[in-house]
>>> print(open('start_4.cif').read())   # mmCIF, C-alpha atoms
data_data
#
loop_
_atom_site.label_atom_id
_atom_site.label_comp_id
_atom_site.auth_asym_id
_atom_site.auth_seq_id
_atom_site.Cartn_x
_atom_site.Cartn_y
_atom_site.Cartn_z
CA MET A 19 -29.46 2.25 8.31
CA SER A 20 -25.73 1.59 8.32
CA ALA A 21 -23.11 4.23 9.05
CA LEU A 22 -22.65 4.80 5.31
CA ALA A 23 -26.20 5.93 4.59
CA ASP A 24 -26.26 7.92 7.85
CA PHE A 25 -24.16 10.55 6.06
CA GLN A 26 -27.43 11.74 4.54
CA ASN A 27 -29.02 12.17 7.97
CA SER A 28 -26.00 14.04 9.27
CA ILE A 29 -26.38 16.59 6.46
CA TYR A 30 -30.05 17.17 7.25
CA LEU A 31 -29.34 17.46 10.98
CA GLN A 32 -26.61 20.04 10.38
CA GLY A 33 -29.14 21.91 8.29
CA LEU A 34 -31.11 22.60 11.48
CA GLY A 35 -28.25 24.94 12.33
CA ASP A 36 -28.26 26.40 8.81
CA VAL A 37 -25.08 24.48 7.94
CA VAL A 38 -24.97 23.21 4.38
CA PRO A 39 -22.32 20.99 2.75
CA ALA A 40 -19.20 22.83 1.60
CA LEU A 41 -19.26 20.87 -1.67
CA PRO A 42 -22.20 19.68 -3.80
CA THR A 43 -23.65 16.27 -3.03
CA ASP A 44 -24.31 15.88 -6.76
CA LEU A 45 -20.78 14.84 -7.62
CA THR A 46 -21.30 15.50 -11.32
CA ARG A 47 -21.08 19.21 -10.46
CA LEU A 48 -17.55 18.94 -9.08
CA GLU A 49 -15.88 19.02 -12.50
CA GLY A 50 -17.28 22.44 -13.35
CA LEU A 51 -16.31 23.84 -9.97
CA ALA A 52 -12.80 22.40 -10.27
CA GLU A 53 -12.39 23.99 -13.69
CA GLY A 54 -13.00 27.36 -12.10
CA SER A 55 -10.41 26.81 -9.39
CA LEU A 56 -7.56 25.14 -11.28
CA SER A 57 -5.18 26.40 -13.92
CA ALA A 58 -6.10 25.51 -17.48
CA ARG A 59 -3.09 23.17 -17.61
CA ALA A 60 -3.94 21.29 -14.43
CA PHE A 61 -7.64 21.00 -15.23
CA GLY A 62 -6.95 19.88 -18.78
CA TYR A 63 -4.57 17.19 -17.59
CA VAL A 64 -7.13 15.70 -15.18
CA ALA A 65 -10.32 16.18 -17.20
CA GLY A 66 -8.92 15.54 -20.66
CA ALA A 67 -9.03 12.37 -22.70
CA ALA A 68 -7.59 11.02 -25.93
CA GLY A 69 -8.38 12.53 -29.33
CA SER A 70 -11.92 13.83 -29.71
CA GLU A 71 -12.69 12.45 -26.23
CA ALA A 72 -15.29 10.11 -27.75
CA THR A 73 -14.32 7.29 -25.41
CA ALA A 74 -14.79 9.43 -22.31
CA ARG A 75 -18.24 10.42 -23.55
CA ALA A 76 -19.04 6.79 -24.38
CA ASN A 77 -18.18 5.76 -20.82
CA ARG A 78 -20.87 8.04 -19.45
CA ALA A 79 -23.41 7.23 -22.18
CA ALA A 80 -23.07 3.52 -21.39
CA PHE A 81 -24.36 4.09 -17.87
CA ASP A 82 -27.36 6.00 -19.20
CA ARG A 83 -28.33 3.07 -21.41
CA TRP A 84 -29.02 0.91 -18.36
CA ARG A 85 -31.95 1.47 -16.00
CA ILE A 86 -32.47 -0.07 -12.56
CA VAL A 87 -35.78 -1.83 -11.92
CA PRO A 88 -36.59 -1.43 -8.19
CA ARG A 89 -38.35 -4.25 -6.34
CA MET A 90 -40.79 -3.63 -3.51
CA LEU A 91 -41.78 -5.14 -0.12
CA ARG A 92 -38.43 -6.71 0.65
CA ASP A 93 -37.06 -6.34 4.14
CA VAL A 94 -34.09 -4.03 3.67
CA THR A 95 -33.77 -2.92 7.30
CA HIS A 96 -30.28 -4.30 7.74
CA ARG A 97 -27.80 -3.49 5.02
CA ASP A 98 -24.15 -4.43 4.71
CA LEU A 99 -22.01 -3.15 1.84
CA SER A 100 -18.76 -4.66 3.11
CA VAL A 101 -16.77 -6.87 0.75
CA ASP A 102 -13.42 -8.63 0.59
CA VAL A 103 -11.57 -8.02 -2.67
CA LEU A 104 -8.06 -9.23 -3.52
CA GLY A 105 -7.52 -10.06 0.13
CA THR A 106 -8.59 -6.62 1.35
CA ALA A 107 -11.59 -6.10 3.62
CA MET A 108 -13.38 -2.86 2.81
CA PRO A 109 -16.57 -1.13 3.97
CA SER A 110 -18.03 -1.04 0.47
CA PRO A 111 -17.04 -2.12 -3.05
CA VAL A 112 -15.35 1.24 -3.66
CA VAL A 113 -11.63 1.78 -4.25
CA LEU A 114 -9.79 5.03 -4.94
CA GLY A 115 -8.14 4.36 -8.29
CA PRO A 116 -4.63 5.46 -9.21
CA ILE A 117 -4.16 9.03 -10.44
CA GLY A 118 -0.71 10.46 -11.01
CA VAL A 119 0.71 13.97 -10.46
CA LEU A 120 -1.98 14.96 -7.95
CA SER A 121 0.12 17.83 -6.63
CA ILE A 122 -0.98 19.81 -9.69
CA VAL A 123 -4.48 20.01 -8.17
CA HIS A 124 -3.49 20.31 -4.49
CA PRO A 125 -0.05 20.69 -2.85
CA GLU A 126 -0.56 17.69 -0.55
CA GLY A 127 -1.65 15.52 -3.47
CA GLU A 128 -1.53 11.82 -2.66
CA LEU A 129 -0.79 12.48 1.01
CA ALA A 130 -4.21 14.09 1.47
CA VAL A 131 -5.83 11.25 -0.49
CA ALA A 132 -4.07 8.68 1.70
CA ARG A 133 -5.33 10.30 4.90
CA ALA A 134 -8.89 10.58 3.58
CA ALA A 135 -8.88 6.97 2.42
CA ALA A 136 -7.63 5.77 5.79
CA ALA A 137 -10.26 7.79 7.62
CA GLU A 138 -13.00 6.08 5.61
CA GLY A 139 -11.35 2.63 5.57
CA VAL A 140 -11.33 2.67 1.77
CA PRO A 141 -8.38 1.25 -0.18
CA MET A 142 -6.34 3.68 -2.25
CA VAL A 143 -4.25 2.64 -5.21
CA LEU A 144 -1.02 4.65 -5.38
CA SER A 145 0.18 5.48 -8.87
CA THR A 146 3.79 4.95 -9.89
CA ALA A 147 3.48 8.49 -11.29
CA SER A 148 2.61 10.03 -7.93
CA SER A 149 3.84 13.40 -6.71
CA HIS A 150 4.84 11.91 -3.35
CA ASN A 151 6.82 8.73 -2.96
CA ILE A 152 5.71 5.25 -1.92
CA GLU A 153 6.99 5.51 1.62
CA ASP A 154 5.62 8.98 2.41
CA VAL A 155 2.17 8.05 1.14
CA ALA A 156 2.21 4.86 3.21
CA GLU A 157 3.05 6.89 6.30
CA ALA A 158 0.18 9.30 5.59
CA ASN A 159 -2.14 6.34 5.05
CA GLY A 160 -1.25 4.89 8.44
CA GLY A 161 -3.18 1.68 8.99
CA GLY A 162 -5.43 2.13 5.99
CA PRO A 163 -5.60 -0.46 3.21
CA ARG A 164 -3.45 0.41 0.22
CA TRP A 165 -2.56 -1.09 -3.15
CA TYR A 166 0.27 -0.16 -5.51
CA GLN A 167 -0.15 0.54 -9.23
CA LEU A 168 2.82 -0.24 -11.46
CA TYR A 169 3.70 1.47 -14.69
CA TRP A 170 6.10 -1.22 -15.80
CA PRO A 171 9.41 0.47 -16.76
CA LYS A 172 11.85 -0.81 -19.35
CA ASN A 173 14.56 -1.33 -16.74
CA ARG A 174 13.76 -4.59 -14.92
CA ASP A 175 15.88 -3.71 -11.88
CA LEU A 176 13.90 -0.52 -11.49
CA ALA A 177 10.64 -2.46 -11.69
CA VAL A 178 11.85 -4.86 -8.99
CA SER A 179 12.89 -1.94 -6.81
CA PHE A 180 9.41 -0.37 -7.08
CA LEU A 181 7.80 -3.68 -6.13
CA GLU A 182 10.13 -4.27 -3.19
CA ARG A 183 9.58 -0.76 -1.87
CA ALA A 184 5.80 -1.12 -2.15
CA LYS A 185 5.82 -4.47 -0.37
CA ALA A 186 8.07 -3.14 2.40
CA ALA A 187 5.75 -0.12 2.85
CA GLY A 188 2.66 -2.29 3.35
CA TYR A 189 0.93 -2.18 -0.02
CA THR A 190 -0.88 -5.49 -0.22
CA ALA A 191 -2.13 -5.83 -3.81
CA LEU A 192 -0.50 -4.95 -7.11
CA VAL A 193 -2.37 -3.25 -9.95
CA VAL A 194 -0.48 -3.37 -13.26
CA THR A 195 -1.65 -0.87 -15.86
CA LEU A 196 -1.28 -2.39 -19.33
CA ASP A 197 -2.73 0.31 -21.58
CA THR A 198 -0.25 3.14 -21.00
CA PHE A 199 3.18 2.02 -22.17
CA THR A 200 3.14 5.32 -24.05
CA LEU A 201 0.96 8.39 -23.72
CA ALA A 202 -1.92 8.79 -26.15
CA TRP A 203 -2.67 11.80 -28.34
CA ARG A 204 -4.26 14.15 -25.79
CA PRO A 205 -5.19 17.48 -27.36
CA ARG A 206 -5.91 19.34 -24.13
CA ASP A 207 -2.35 18.71 -22.96
CA LEU A 208 -0.86 19.19 -26.41
CA ASP A 209 -2.59 22.54 -26.91
CA GLN A 210 -1.03 23.73 -23.65
CA ALA A 211 2.30 22.02 -24.50
CA TYR A 212 2.03 20.61 -20.99
CA LEU A 213 3.44 17.34 -19.70
CA PRO A 214 4.00 17.63 -15.94
CA PHE A 215 6.63 14.88 -15.82
CA LEU A 216 9.01 16.97 -17.90
CA ARG A 217 8.72 19.63 -15.20
CA GLY A 218 9.68 17.14 -12.49
CA ILE A 219 6.10 16.57 -11.31
CA GLY A 220 4.89 13.00 -10.84
CA VAL A 221 8.36 11.45 -10.75
CA ALA A 222 8.78 11.22 -6.97
CA ASN A 223 8.95 7.43 -6.99
CA TYR A 224 11.69 7.54 -9.59
CA VAL A 225 13.94 10.22 -8.12
CA SER A 226 13.70 8.62 -4.66
CA ASP A 227 14.58 5.16 -5.96
CA PRO A 228 18.11 3.83 -5.40
CA VAL A 229 18.15 1.96 -8.70
CA PHE A 230 17.02 5.02 -10.64
CA GLN A 231 19.55 7.17 -8.81
CA GLY A 232 22.25 4.71 -9.80
CA MET A 233 21.20 5.10 -13.43
CA VAL A 234 21.93 8.83 -13.28
CA GLY A 235 25.05 8.68 -11.14
CA GLY A 236 23.70 9.38 -7.68
CA PRO A 237 21.02 11.28 -5.74
CA ILE A 238 19.01 13.73 -7.81
CA THR A 239 20.21 17.33 -7.51
CA ASP A 240 19.92 20.46 -9.60
CA ALA A 241 23.08 19.35 -11.39
CA ASN A 242 21.63 16.08 -12.73
CA ARG A 243 17.88 16.82 -12.70
CA ASP A 244 17.68 17.27 -16.47
CA GLN A 245 19.53 14.00 -16.97
CA ALA A 246 17.12 12.31 -14.55
CA ILE A 247 14.11 13.52 -16.53
CA LEU A 248 15.63 12.16 -19.73
CA HIS A 249 16.10 8.79 -18.00
CA TRP A 250 12.45 8.93 -16.92
CA VAL A 251 11.42 9.50 -20.55
CA ALA A 252 13.57 6.59 -21.70
CA ASN A 253 12.26 4.16 -19.07
CA PHE A 254 8.62 5.08 -18.38
CA GLY A 255 6.91 2.35 -20.40
CA ASN A 256 7.81 -0.80 -22.30
CA PRO A 257 5.92 -1.49 -25.55
CA ALA A 258 7.76 -4.80 -25.97
CA LEU A 259 5.98 -6.53 -23.05
CA THR A 260 3.96 -9.67 -23.78
CA TRP A 261 1.90 -12.14 -21.77
CA ASP A 262 5.03 -14.19 -21.18
CA ASP A 263 6.50 -11.33 -19.14
CA LEU A 264 3.86 -11.79 -16.43
CA ILE A 265 6.01 -14.61 -15.06
CA PHE A 266 8.43 -11.87 -13.99
CA LEU A 267 5.74 -10.24 -11.86
CA ARG A 268 4.91 -13.47 -10.09
CA GLU A 269 8.60 -13.95 -9.31
CA HIS A 270 8.79 -10.56 -7.61
CA TRP A 271 5.36 -10.05 -6.03
CA ASP A 272 3.83 -12.61 -3.70
CA GLY A 273 0.48 -10.87 -3.16
CA PRO A 274 -2.60 -10.53 -5.36
CA ILE A 275 -2.07 -9.08 -8.85
CA ALA A 276 -4.75 -7.43 -11.00
CA LEU A 277 -4.25 -6.33 -14.60
CA LYS A 278 -5.79 -2.95 -15.42
CA GLY A 279 -6.88 -2.07 -18.94
CA ILE A 280 -8.62 -5.32 -19.90
CA GLN A 281 -11.48 -4.83 -22.39
CA HIS A 282 -11.57 -8.04 -24.46
CA PRO A 283 -12.73 -11.41 -23.06
CA ASP A 284 -9.75 -13.20 -24.62
CA ASP A 285 -7.36 -10.91 -22.76
CA ALA A 286 -9.19 -11.72 -19.54
CA ARG A 287 -8.79 -15.45 -20.24
CA GLN A 288 -5.08 -14.97 -20.89
CA ALA A 289 -4.75 -13.14 -17.59
CA VAL A 290 -6.26 -16.15 -15.82
CA ASP A 291 -4.01 -18.52 -17.75
CA ALA A 292 -1.03 -16.44 -16.61
CA GLY A 293 -2.01 -16.89 -12.97
CA MET A 294 -3.29 -13.38 -12.34
CA ASP A 295 -5.75 -12.91 -9.49
CA GLY A 296 -7.88 -10.20 -11.04
CA VAL A 297 -8.62 -8.02 -14.02
CA ILE A 298 -9.82 -4.42 -14.09
CA VAL A 299 -12.11 -3.61 -16.98
CA SER A 300 -10.91 -0.15 -17.93
CA ASN A 301 -10.17 2.14 -20.86
CA HIS A 302 -8.22 4.53 -18.61
CA GLY A 303 -11.16 6.89 -18.41
CA GLY A 304 -10.97 7.43 -22.15
CA ARG A 305 -7.40 8.75 -21.91
CA GLN A 306 -5.67 6.25 -24.19
CA VAL A 307 -7.66 5.13 -27.28
CA ASP A 308 -10.11 7.55 -28.85
CA GLY A 309 -13.18 5.69 -30.11
CA ALA A 310 -12.61 2.66 -27.87
CA VAL A 311 -15.43 0.58 -26.43
CA ALA A 312 -17.07 1.99 -23.32
CA SER A 313 -15.77 0.27 -20.23
CA LEU A 314 -19.27 -0.67 -19.04
CA ASP A 315 -20.09 -2.20 -22.43
CA ALA A 316 -16.97 -4.37 -22.17
CA LEU A 317 -17.75 -5.54 -18.63
CA PRO A 318 -20.33 -8.31 -19.24
CA GLY A 319 -18.16 -10.11 -21.80
CA VAL A 320 -15.16 -10.11 -19.48
CA VAL A 321 -17.27 -11.34 -16.55
CA ASP A 322 -18.64 -14.20 -18.67
CA ALA A 323 -15.12 -15.14 -19.78
CA VAL A 324 -13.54 -15.48 -16.34
CA ARG A 325 -16.45 -15.90 -13.94
CA ASP A 326 -15.34 -17.66 -10.72
CA GLN A 327 -11.75 -17.79 -12.02
CA ALA A 328 -10.61 -14.25 -11.27
CA THR A 329 -11.77 -11.13 -9.49
CA VAL A 330 -13.30 -8.65 -11.93
CA LEU A 331 -13.15 -4.98 -11.03
CA PHE A 332 -14.44 -2.01 -13.00
CA ASP A 333 -13.00 1.40 -13.81
CA SER A 334 -13.86 4.35 -16.10
CA GLY A 335 -16.84 6.65 -15.90
CA ILE A 336 -18.09 6.22 -12.31
CA ARG A 337 -19.70 9.41 -11.05
CA THR A 338 -22.58 8.35 -8.76
CA GLY A 339 -23.70 5.66 -6.38
CA SER A 340 -26.18 4.39 -8.95
CA ASP A 341 -23.33 4.05 -11.46
CA ILE A 342 -21.61 1.76 -8.97
CA ALA A 343 -24.79 -0.29 -8.53
CA LYS A 344 -25.04 -0.79 -12.30
CA ALA A 345 -21.41 -1.92 -12.59
CA LEU A 346 -21.90 -4.36 -9.71
CA ALA A 347 -25.10 -5.70 -11.29
CA LEU A 348 -23.18 -6.38 -14.49
CA GLY A 349 -20.65 -8.48 -12.61
CA ALA A 350 -17.96 -6.27 -11.10
CA GLU A 351 -16.96 -7.11 -7.53
CA ALA A 352 -15.80 -3.55 -6.85
CA VAL A 353 -15.20 -0.32 -8.72
CA LEU A 354 -12.33 2.12 -8.95
CA VAL A 355 -13.27 5.80 -8.70
CA ALA A 356 -10.90 8.41 -10.05
CA ARG A 357 -11.77 11.87 -11.41
CA PRO A 358 -14.48 12.67 -8.81
CA TYR A 359 -12.04 12.40 -5.93
CA ALA A 360 -9.42 14.39 -7.86
CA TYR A 361 -11.96 17.20 -8.19
CA GLY A 362 -12.81 16.89 -4.50
CA LEU A 363 -9.10 17.12 -3.72
CA ALA A 364 -8.76 20.21 -5.88
CA LEU A 365 -11.66 21.96 -4.18
CA ALA A 366 -11.16 21.04 -0.53
CA GLY A 367 -8.08 18.88 -0.05
CA GLU A 368 -8.41 15.90 2.27
CA ALA A 369 -11.92 16.94 3.30
CA GLY A 370 -12.94 17.05 -0.36
CA VAL A 371 -11.81 13.47 -0.93
CA GLN A 372 -13.69 12.34 2.18
CA HIS A 373 -16.80 14.15 0.96
CA VAL A 374 -16.67 12.28 -2.34
CA LEU A 375 -16.26 8.93 -0.60
CA ARG A 376 -19.09 9.57 1.83
CA CYS A 377 -21.44 10.72 -0.92
CA LEU A 378 -20.71 7.75 -3.18
CA GLN A 379 -21.06 5.15 -0.44
CA ALA A 380 -24.21 6.68 1.04
CA GLU A 381 -25.85 6.96 -2.37
CA LEU A 382 -24.83 3.41 -3.24
CA GLU A 383 -26.39 2.02 -0.07
CA LEU A 384 -29.59 4.02 -0.54
CA THR A 385 -29.82 2.95 -4.18
CA LEU A 386 -29.56 -0.70 -3.17
CA ALA A 387 -32.08 -0.40 -0.35
CA LEU A 388 -34.63 1.51 -2.42
CA SER A 389 -34.25 -1.12 -5.16
CA GLY A 390 -34.89 -3.97 -2.71
CA PHE A 391 -31.37 -5.18 -1.91
CA THR A 392 -29.21 -5.31 1.18
CA ARG A 393 -25.81 -6.51 -0.09
CA PRO A 394 -23.72 -5.95 -3.22
CA ASP A 395 -23.62 -9.68 -4.01
CA GLU A 396 -27.41 -9.70 -4.41
CA LEU A 397 -27.13 -7.59 -7.55
CA ASN A 398 -27.25 -9.24 -10.97
CA PRO A 399 -28.08 -8.27 -14.58
CA GLU A 400 -31.76 -9.09 -14.04
CA ILE A 401 -32.23 -5.89 -12.03
CA LEU A 402 -31.36 -3.82 -15.12
CA VAL A 403 -33.12 -3.04 -18.38
CA ARG A 404 -31.90 -1.22 -21.42
CA GLY A 405 -33.16 2.33 -21.38
#
>>> encode(input="start_4.cif", output="structure tokens")
Amino acid sequence: MSALADFQNSIYLQGLGDVVPALPTDLTRLEGLAEGSLSARAFGYVAGAAGSEATARANRAAFDRWRIVPRMLRDVTHRDLSVDVLGTAMPSPVVLGPIGVLSIVHPEGELAVARAAAAEGVPMVLSTASSHNIEDVAEANGGGPRWYQLYWPKNRDLAVSFLERAKAAGYTALVVTLDTFTLAWRPRDLDQAYLPFLRGIGVANYVSDPVFQGMVGGPITDANRDQAILHWVANFGNPALTWDDLIFLREHWDGPIALKGIQHPDDARQAVDAGMDGVIVSNHGGRQVDGAVASLDALPGVVDAVRDQATVLFDSGIRTGSDIAKALALGAEAVLVARPYAYGLALAGEAGVQHVLRCLQAELELTLALSGFTRPDELNPEILVRG
């Protein structure tokens, strides 16, 4: 076994001393536990989705429609889950996706996530809407791999400043979220009348930015905090962006760029035509368009459209190692995990995030081995059937 699957053995060995895991190893149970430990506002913000939440349910149902067909008598003694994605070497095809305002679930928020990611060698994607700023998270991440996620603001100078800060702080790949230029209709948040940004949560990258400070007349203090929040509202997203604007990104970021929120094959082709390095098949975990196509259902069409022309990653609905195996079999080169690690963070801080990563990677390796495979690139649609 590799070190990843050995996590299972370590649990059983600790059991000889009557020590059991502090958190469930069935990660689907974390949501219920987190609901009991968080405020209704915080839990609703993380767990909620757009409208009737049909898209979030569809994401999970899509995984259940596929079944893995294990193959026998294949030498699976030596397994290696390591991959290289967007220029980043990683121990498995697992990335911690961007989640904003994480301080609402744990005071250390993204700092704890950064330390956990570094400890496991797993890339984290820092959200523009983080509770701690670009530089502080990079320091907490130390030598770990890290990517930066951009919510593209209306003010171009502010966008450039974000990119320059991220590059200077050692973030190597850029993830640009396309589907959230405005917030969707989210009843859980609306029923609580709760938007954390208006309370000054999740705006750390803005208030620490010299360009943003210049927009409000200087460093952010109690005297101009309300004005700063209004400037955040006015600049958060830009609905006027088009494919032609991607030239701007290439002018200001010299590393790999992946577009997040792609669901249609034609959009994937346009990303390639615009010189992007990757696309992330995602519906934002169901948080933006109620009734949208499940992310997993959109994946095969996008893979067929840009195969060998761009890196295809997957996001939305991952809860288990077998979920990851299914996404990889359908053509993703890696997956972004989000809510599970947020729940782990809420329940146990840094250790909770590490627990989630160890469980997912161990289960992924065991799923591959028990199905007759030793590497992620051996997976293909032929190992799946419709259930």
>>> resolve_selection(input="start_4.cif", expression="the PyMOL selection byres ((chain A and resi 255) around 6)", output="tab-separated table (two decimals) with C-alpha atoms, keeping the file's coordinate frame")
chain	number	residue	atom	x	y	z
A	170	TRP	CA	6.10	-1.22	-15.80
A	171	PRO	CA	9.41	0.47	-16.76
A	172	LYS	CA	11.85	-0.81	-19.35
A	199	PHE	CA	3.18	2.02	-22.17
A	253	ASN	CA	12.26	4.16	-19.07
A	254	PHE	CA	8.62	5.08	-18.38
A	256	ASN	CA	7.81	-0.80	-22.30
>>> resolve_selection(input="start_4.cif", expression="the PyMOL selection byres ((chain A and resi 227) around 12)", output="MDAnalysis selection string")
chainID A and resid 146 151:153 175:184 221:226 228:234 236:238 246 250
>>> resolve_selection(input="start_4.cif", expression="the PyMOL selection byres ((chain A and resi 268) around 12)", output="list of chain:residue names")
A:Val178, A:Leu181, A:Leu192, A:Val194, A:Asp262, A:Asp263, A:Leu264, A:Ile265, A:Phe266, A:Leu267, A:Glu269, A:His270, A:Trp271, A:Asp272, A:Gly273, A:Pro274, A:Ile275, A:Ala276, A:Ala292, A:Gly293, A:Met294, A:Asp295
>>> atom_distance(input="start_4.cif", atom1="CA of Gly279 (chain A)", atom2="CA of Pro116 (chain A)")
12.5 Å
>>> atom_distance(input="start_4.cif", atom1="CA of Leu91 (chain A)", atom2="CA of Ala23 (chain A)")
19.7 Å
>>> closest_atom_pairs(input="start_4.cif", of="region 289-330 of chain A", to="region 60-84 of chain A", cutoff="9 Å", atoms="all atoms listed in the file", output="tab-separated table")
residue	atom	partner	partner_atom	distance
A:Asn301	CA	A:Thr73	CA	8.0
A:His302	CA	A:Ala67	CA	8.9
A:Gly303	CA	A:Ala74	CA	5.9
A:Gly304	CA	A:Ala74	CA	4.3
A:Arg305	CA	A:Ala67	CA	4.0
A:Gln306	CA	A:Ala68	CA	5.4
A:Val307	CA	A:Ala68	CA	6.0
A:Asp308	CA	A:Ala68	CA	5.2
A:Gly309	CA	A:Thr73	CA	5.1
A:Ala310	CA	A:Thr73	CA	5.5
A:Val311	CA	A:Thr73	CA	6.9
A:Ala312	CA	A:Asn77	CA	4.7
A:Ser313	CA	A:Asn77	CA	6.0
A:Leu314	CA	A:Ala80	CA	6.1
A:Asp315	CA	A:Ala80	CA	6.5
>>> closest_residue(input="start_4.cif", among="A:Ala380, A:Leu31, A:Ile122, A:Ile298", to="Tyr212 (chain A)", atoms="only C-alpha atoms")
A:Ile122
>>> closest_residue(input="start_4.cif", among="A:Thr195, A:Ala211, A:Arg59, A:Gly115", to="Arg164 (chain A)", atoms="all atoms listed in the file")
A:Gly115
>>> atom_distance(input="start_4.cif", atom1="CA of Asp209 (chain A)", atom2="CA of Val371 (chain A)")
29.0 Å
>>> closest_residue(input="start_4.cif", among="A:Ala156, A:Ala352, A:Leu104, A:Ile342", to="Glu128 (chain A)", atoms="only C-alpha atoms")
A:Ala156
>>> residues_around(input="start_4.cif", residues="Asp93 (chain A)", least_positions_apart="2", cutoff="9 Å", atoms="all atoms listed in the file", output="ChimeraX atom specification")
/A:90-91,95-96,387,390-392
>>> write_last_selection(input="start_4.cif", atoms="C-alpha atoms", output="JSON list (two decimals), keeping the file's coordinate frame")
[["chain", "number", "residue", "atom", "x", "y", "z"],
["A", 90, "MET", "CA", -40.79, -3.63, -3.51],
["A", 91, "LEU", "CA", -41.78, -5.14, -0.12],
["A", 95, "THR", "CA", -33.77, -2.92, 7.30],
["A", 96, "HIS", "CA", -30.28, -4.30, 7.74],
["A", 387, "ALA", "CA", -32.08, -0.40, -0.35],
["A", 390, "GLY", "CA", -34.89, -3.97, -2.71],
["A", 391, "PHE", "CA", -31.37, -5.18, -1.91],
["A", 392, "THR", "CA", -29.21, -5.31, 1.18]]
>>> closest_residue(input="start_4.cif", among="A:Val155, A:Leu22, A:Leu248, A:Leu48", to="Met142 (chain A)", atoms="only C-alpha atoms")
A:Val155
>>> axis_aligned_box(input="start_4.cif", around="region 364-377 of chain A", padding_each_side="6 Å", output="JSON")
{"center_x": -14.8, "center_y": 15.4, "center_z": -1.3, "size_x": 25.4, "size_y": 25.0, "size_z": 21.2}
>>> closest_residue(input="start_4.cif", among="A:Leu375, A:Ala323, A:Leu34, A:Ile29", to="Val290 (chain A)", atoms="all atoms listed in the file")
A:Ala323
>>> residues_around(input="start_4.cif", residues="Val112 (chain A)", least_positions_apart="6", cutoff="10 Å", atoms="only C-alpha atoms", output="list in words")
Leu99, Ser100, Val101, Val140, Pro141, Met142, Leu331, Phe332, Gly339, Ile342, Glu351, Ala352, Val353, Leu354, Val355, Leu375, Leu378, Gln379 and Leu382 of chain A
>>> residues_around(input="start_4.cif", residues="Leu397 (chain A)", least_positions_apart="3", cutoff="9 Å", atoms="all atoms listed in the file", output="ChimeraX atom specification")
/A:343-344,346-349,386,391,393-394,400-401
>>> decode(input="start_4.cif", residues="region 163-172 of chain A", atoms="N, CA, C and O atoms", output="PDB file, in the first residue's frame")
ATOM      1  N   PRO A 163       1.674  23.768  -2.068  1.00  0.00           N
ATOM      2  CA  PRO A 163       1.187  24.291  -3.350  1.00  0.00           C
ATOM      3  C   PRO A 163      -0.102  25.078  -3.153  1.00  0.00           C
ATOM      4  O   PRO A 163      -0.976  24.680  -2.371  1.00  0.00           O
ATOM      5  N   ARG A 164      -0.227  26.191  -3.852  1.00  0.00           N
ATOM      6  CA  ARG A 164      -1.418  27.017  -3.689  1.00  0.00           C
ATOM      7  C   ARG A 164      -1.765  27.722  -4.996  1.00  0.00           C
ATOM      8  O   ARG A 164      -0.889  28.170  -5.730  1.00  0.00           O
ATOM      9  N   TRP A 165      -3.065  27.792  -5.259  1.00  0.00           N
ATOM     10  CA  TRP A 165      -3.611  28.498  -6.403  1.00  0.00           C
ATOM     11  C   TRP A 165      -4.479  29.635  -5.895  1.00  0.00           C
ATOM     12  O   TRP A 165      -4.949  29.620  -4.750  1.00  0.00           O
ATOM     13  N   TYR A 166      -4.717  30.610  -6.768  1.00  0.00           N
ATOM     14  CA  TYR A 166      -5.559  31.759  -6.391  1.00  0.00           C
ATOM     15  C   TYR A 166      -6.806  31.796  -7.261  1.00  0.00           C
ATOM     16  O   TYR A 166      -6.730  31.637  -8.482  1.00  0.00           O
ATOM     17  N   GLN A 167      -7.948  31.994  -6.605  1.00  0.00           N
ATOM     18  CA  GLN A 167      -9.225  32.106  -7.325  1.00  0.00           C
ATOM     19  C   GLN A 167      -9.648  33.564  -7.394  1.00  0.00           C
ATOM     20  O   GLN A 167      -9.725  34.251  -6.361  1.00  0.00           O
ATOM     21  N   LEU A 168      -9.934  34.030  -8.589  1.00  0.00           N
ATOM     22  CA  LEU A 168     -10.312  35.424  -8.809  1.00  0.00           C
ATOM     23  C   LEU A 168     -11.803  35.567  -9.045  1.00  0.00           C
ATOM     24  O   LEU A 168     -12.360  34.952  -9.960  1.00  0.00           O
ATOM     25  N   TYR A 169     -12.436  36.382  -8.193  1.00  0.00           N
ATOM     26  CA  TYR A 169     -13.724  36.976  -8.551  1.00  0.00           C
ATOM     27  C   TYR A 169     -13.381  38.297  -9.225  1.00  0.00           C
ATOM     28  O   TYR A 169     -12.910  39.230  -8.578  1.00  0.00           O
ATOM     29  N   TRP A 170     -13.615  38.358 -10.506  1.00  0.00           N
ATOM     30  CA  TRP A 170     -13.127  39.457 -11.332  1.00  0.00           C
ATOM     31  C   TRP A 170     -13.922  40.738 -11.035  1.00  0.00           C
ATOM     32  O   TRP A 170     -15.088  40.851 -11.401  1.00  0.00           O
ATOM     33  N   PRO A 171     -13.317  41.734 -10.382  1.00  0.00           N
ATOM     34  CA  PRO A 171     -14.058  42.947 -10.020  1.00  0.00           C
ATOM     35  C   PRO A 171     -14.226  43.890 -11.212  1.00  0.00           C
ATOM     36  O   PRO A 171     -13.529  43.771 -12.221  1.00  0.00           O
ATOM     37  N   LYS A 172     -15.130  44.814 -11.054  1.00  0.00           N
ATOM     38  CA  LYS A 172     -15.351  45.800 -12.131  1.00  0.00           C
ATOM     39  C   LYS A 172     -14.110  46.656 -12.353  1.00  0.00           C
ATOM     40  O   LYS A 172     -13.769  46.990 -13.489  1.00  0.00           O
TER      41      LYS A 172
END
